[in-house]
>>> print(open('query.cif').read())   # mmCIF, C-alpha atoms
data_final
loop_
_atom_site.label_atom_id
_atom_site.label_comp_id
_atom_site.auth_asym_id
_atom_site.auth_seq_id
_atom_site.Cartn_x
_atom_site.Cartn_y
_atom_site.Cartn_z
CA MET L 1 -62.61 -35.51 13.05
CA ALA L 2 -62.46 -39.24 13.69
CA SER L 3 -59.77 -41.59 12.37
CA TYR L 4 -60.49 -45.10 11.15
CA PHE L 5 -58.17 -48.11 11.25
CA LEU L 6 -58.75 -51.39 9.42
CA CYS L 7 -59.14 -54.32 11.82
CA PRO L 8 -59.43 -57.70 10.07
CA TYR L 9 -60.03 -59.48 13.39
CA LEU L 10 -63.23 -57.48 13.93
CA GLY L 11 -64.12 -57.56 10.24
CA GLY L 12 -64.17 -53.80 9.72
CA ASP L 13 -62.85 -50.48 10.86
CA VAL L 14 -62.09 -49.27 14.37
CA GLU L 15 -63.00 -45.65 14.99
CA LEU L 16 -60.75 -43.38 17.02
CA THR L 17 -63.10 -40.53 17.86
CA GLN L 18 -61.81 -37.03 18.35
CA GLU L 19 -62.82 -37.23 22.03
CA ARG L 20 -60.76 -40.42 22.53
CA GLU L 21 -57.82 -38.95 20.64
CA VAL L 22 -57.87 -35.82 22.82
CA HIS L 23 -58.02 -38.05 25.93
CA SER L 24 -55.17 -40.27 24.68
CA THR L 25 -53.01 -37.31 23.72
CA GLY L 26 -53.56 -35.76 27.15
CA GLN L 27 -53.10 -38.96 29.17
CA HIS L 28 -50.49 -40.64 26.98
CA PRO L 29 -48.59 -37.89 25.13
CA ASP L 30 -45.72 -40.33 24.55
CA VAL L 31 -47.99 -42.46 22.29
CA LEU L 32 -50.14 -40.05 20.28
CA PRO L 33 -49.68 -38.52 17.81
CA GLU L 34 -46.15 -39.90 17.31
CA PHE L 35 -47.10 -43.60 17.10
CA ARG L 36 -50.31 -43.43 15.06
CA GLU L 37 -48.80 -45.77 12.45
CA GLN L 38 -48.06 -48.37 15.14
CA ILE L 39 -51.67 -48.22 16.33
CA GLU L 40 -52.77 -48.96 12.78
CA GLU L 41 -50.31 -51.88 12.51
CA THR L 42 -51.34 -53.27 15.89
CA LEU L 43 -54.99 -53.40 14.87
CA ALA L 44 -54.11 -54.93 11.48
CA VAL L 45 -51.59 -57.54 12.70
CA PRO L 46 -51.58 -57.87 16.50
CA ASP L 47 -49.28 -60.17 18.44
CA ARG L 48 -52.02 -60.83 20.98
CA ILE L 49 -55.73 -60.17 21.47
CA VAL L 50 -57.48 -60.62 24.81
CA ARG L 51 -60.90 -59.67 26.15
CA SER L 52 -60.96 -56.74 28.52
CA SER L 53 -61.61 -57.67 32.14
CA ARG L 54 -63.20 -54.26 32.73
CA VAL L 55 -65.43 -53.79 29.68
CA ALA L 56 -67.54 -56.77 28.57
CA ASN L 57 -67.57 -56.06 24.83
CA ALA L 58 -63.99 -54.75 24.49
CA TYR L 59 -60.80 -56.37 23.25
CA LEU L 60 -57.21 -55.40 23.94
CA PHE L 61 -54.82 -55.62 21.00
CA SER L 62 -51.07 -55.64 21.59
CA ARG L 63 -47.95 -55.79 19.50
CA TRP L 64 -44.27 -55.61 20.40
CA TYR L 65 -42.45 -52.39 19.49
CA ASN L 66 -38.91 -51.79 20.71
CA ASN L 67 -39.19 -48.06 20.05
CA VAL L 68 -42.46 -47.36 21.96
CA ARG L 69 -41.78 -46.45 25.57
CA GLY L 70 -38.68 -48.61 25.29
CA ALA L 71 -40.66 -51.81 25.85
CA ASN L 72 -43.72 -53.84 24.86
CA THR L 73 -46.82 -51.67 24.91
CA SER L 74 -50.45 -52.59 24.45
CA LEU L 75 -52.12 -50.16 22.10
#
>>> encode(input="query.cif", output="structure tokens")
Amino acid sequence: MASYFLCPYLGGDVELTQEREVHSTGQHPDVLPEFREQIEETLAVPDRIVRSSRVANAYLFSRWYNNVRGANTSL
């Protein structure tokens, strides 16, 4: 089942599909599921937003968290 996160910058919700969640959990087990709340906060109130250099219609949202991987992490 997909999860949805409010993203005021994009004017709607961002969908985290089950396929992407499975990928993220497998590739980044230190982020999901433990830091789901921080993903939601990052999309709601990011410190920085930049366009992806690899995907034309994608944005990268980041926010500083001292407790995620011990340093700043883009989510």
>>> closest_residue(input="query.cif", among="L:Tyr59, L:Leu43, L:Ala2, L:Asn66", to="L:Val22", atoms="only C-alpha atoms")
L:Ala2
>>> resolve_selection(input="query.cif", expression="the PyMOL selection byres ((chain L and resi 39) around 12)", output="number ranges by chain")
L: 3-7, 14-16, 21, 31-38, 40-46, 60-65, 68, 73-75
>>> closest_residue(input="query.cif", among="L:Gln27, L:Leu10, L:Met1, L:Arg20", to="L:Ile49", atoms="all atoms listed in the file")
L:Leu10
>>> atom_distance(input="query.cif", atom1="atom CA of L:Gln18", atom2="atom CA of L:Asp30")
17.6 Å
>>> atom_distance(input="query.cif", atom1="atom CA of L:Asp47", atom2="atom CA of L:Pro8")
13.4 Å
>>> atom_distance(input="query.cif", atom1="atom CA of L:His28", atom2="atom CA of L:Tyr9")
25.1 Å
>>> build_atoms(input="query.cif", residues="stretch 42-73 of chain L", atoms="N, CA and C atoms", output="JSON list (two decimals), in the coordinates of the input")
[["chain", "number", "residue", "atom", "x", "y", "z"],
["L", 42, "THR", "N", -50.91, -52.40, 14.79],
["L", 42, "THR", "CA", -51.34, -53.27, 15.89],
["L", 42, "THR", "C", -52.75, -53.80, 15.65],
["L", 43, "LEU", "N", -53.63, -52.95, 15.17],
["L", 43, "LEU", "CA", -54.99, -53.40, 14.87],
["L", 43, "LEU", "C", -55.03, -54.32, 13.66],
["L", 44, "ALA", "N", -54.13, -54.11, 12.70],
["L", 44, "ALA", "CA", -54.11, -54.93, 11.48],
["L", 44, "ALA", "C", -53.46, -56.29, 11.72],
["L", 45, "VAL", "N", -52.35, -56.30, 12.47],
["L", 45, "VAL", "CA", -51.59, -57.54, 12.70],
["L", 45, "VAL", "C", -51.10, -57.56, 14.15],
["L", 46, "PRO", "N", -51.99, -57.85, 15.09],
["L", 46, "PRO", "CA", -51.58, -57.87, 16.50],
["L", 46, "PRO", "C", -50.78, -59.11, 16.86],
["L", 47, "ASP", "N", -49.96, -59.00, 17.89],
["L", 47, "ASP", "CA", -49.28, -60.17, 18.44],
["L", 47, "ASP", "C", -50.23, -60.95, 19.35],
["L", 48, "ARG", "N", -51.13, -60.22, 19.98],
["L", 48, "ARG", "CA", -52.02, -60.83, 20.98],
["L", 48, "ARG", "C", -53.32, -60.05, 21.06],
["L", 49, "ILE", "N", -54.42, -60.78, 21.26],
["L", 49, "ILE", "CA", -55.73, -60.17, 21.47],
["L", 49, "ILE", "C", -56.36, -60.85, 22.67],
["L", 50, "VAL", "N", -56.80, -60.07, 23.64],
["L", 50, "VAL", "CA", -57.48, -60.62, 24.81],
["L", 50, "VAL", "C", -58.73, -59.79, 25.08],
["L", 51, "ARG", "N", -59.69, -60.40, 25.74],
["L", 51, "ARG", "CA", -60.90, -59.67, 26.15],
["L", 51, "ARG", "C", -60.56, -58.81, 27.35],
["L", 52, "SER", "N", -61.14, -57.64, 27.39],
["L", 52, "SER", "CA", -60.96, -56.74, 28.52],
["L", 52, "SER", "C", -61.63, -57.33, 29.75],
["L", 53, "SER", "N", -60.99, -57.22, 30.88],
["L", 53, "SER", "CA", -61.61, -57.67, 32.14],
["L", 53, "SER", "C", -62.50, -56.59, 32.73],
["L", 54, "ARG", "N", -62.40, -55.38, 32.20],
["L", 54, "ARG", "CA", -63.20, -54.26, 32.73],
["L", 54, "ARG", "C", -64.41, -53.91, 31.88],
["L", 55, "VAL", "N", -64.33, -54.15, 30.58],
["L", 55, "VAL", "CA", -65.43, -53.79, 29.68],
["L", 55, "VAL", "C", -65.83, -55.05, 28.92],
["L", 56, "ALA", "N", -67.08, -55.48, 29.09],
["L", 56, "ALA", "CA", -67.54, -56.77, 28.57],
["L", 56, "ALA", "C", -67.37, -56.94, 27.07],
["L", 57, "ASN", "N", -67.62, -55.92, 26.28],
["L", 57, "ASN", "CA", -67.57, -56.06, 24.83],
["L", 57, "ASN", "C", -66.30, -55.46, 24.21],
["L", 58, "ALA", "N", -65.23, -55.37, 24.98],
["L", 58, "ALA", "CA", -63.99, -54.75, 24.49],
["L", 58, "ALA", "C", -62.87, -55.78, 24.40],
["L", 59, "TYR", "N", -61.99, -55.55, 23.43],
["L", 59, "TYR", "CA", -60.80, -56.37, 23.25],
["L", 59, "TYR", "C", -59.57, -55.49, 23.40],
["L", 60, "LEU", "N", -58.48, -56.09, 23.83],
["L", 60, "LEU", "CA", -57.21, -55.40, 23.94],
["L", 60, "LEU", "C", -56.25, -56.01, 22.92],
["L", 61, "PHE", "N", -55.75, -55.19, 22.03],
["L", 61, "PHE", "CA", -54.82, -55.62, 21.00],
["L", 61, "PHE", "C", -53.42, -55.17, 21.40],
["L", 62, "SER", "N", -52.44, -56.04, 21.26],
["L", 62, "SER", "CA", -51.07, -55.64, 21.59],
["L", 62, "SER", "C", -50.10, -56.15, 20.55],
["L", 63, "ARG", "N", -49.00, -55.45, 20.45],
["L", 63, "ARG", "CA", -47.95, -55.79, 19.50],
["L", 63, "ARG", "C", -46.64, -55.26, 20.05],
["L", 64, "TRP", "N", -45.57, -56.00, 19.89],
["L", 64, "TRP", "CA", -44.27, -55.61, 20.40],
["L", 64, "TRP", "C", -43.63, -54.54, 19.52],
["L", 65, "TYR", "N", -43.20, -53.45, 20.16],
["L", 65, "TYR", "CA", -42.45, -52.39, 19.49],
["L", 65, "TYR", "C", -41.29, -52.01, 20.40],
["L", 66, "ASN", "N", -40.08, -52.15, 19.92],
["L", 66, "ASN", "CA", -38.91, -51.79, 20.71],
["L", 66, "ASN", "C", -38.79, -50.28, 20.91],
["L", 67, "ASN", "N", -39.37, -49.50, 20.00],
["L", 67, "ASN", "CA", -39.19, -48.06, 20.05],
["L", 67, "ASN", "C", -40.35, -47.31, 20.73],
["L", 68, "VAL", "N", -41.34, -48.01, 21.26],
["L", 68, "VAL", "CA", -42.46, -47.36, 21.96],
["L", 68, "VAL", "C", -42.25, -47.54, 23.45],
["L", 69, "ARG", "N", -42.03, -46.43, 24.13],
["L", 69, "ARG", "CA", -41.78, -46.45, 25.57],
["L", 69, "ARG", "C", -40.63, -47.36, 25.96],
["L", 70, "GLY", "N", -39.85, -47.77, 25.00],
["L", 70, "GLY", "CA", -38.68, -48.61, 25.29],
["L", 70, "GLY", "C", -39.02, -50.04, 25.65],
["L", 71, "ALA", "N", -40.27, -50.46, 25.48],
["L", 71, "ALA", "CA", -40.66, -51.81, 25.85],
["L", 71, "ALA", "C", -41.95, -52.18, 25.15],
["L", 72, "ASN", "N", -42.46, -53.39, 25.41],
["L", 72, "ASN", "CA", -43.72, -53.84, 24.86],
["L", 72, "ASN", "C", -44.84, -52.97, 25.40],
["L", 73, "THR", "N", -45.72, -52.54, 24.52],
["L", 73, "THR", "CA", -46.82, -51.67, 24.91],
["L", 73, "THR", "C", -48.09, -52.14, 24.25]]
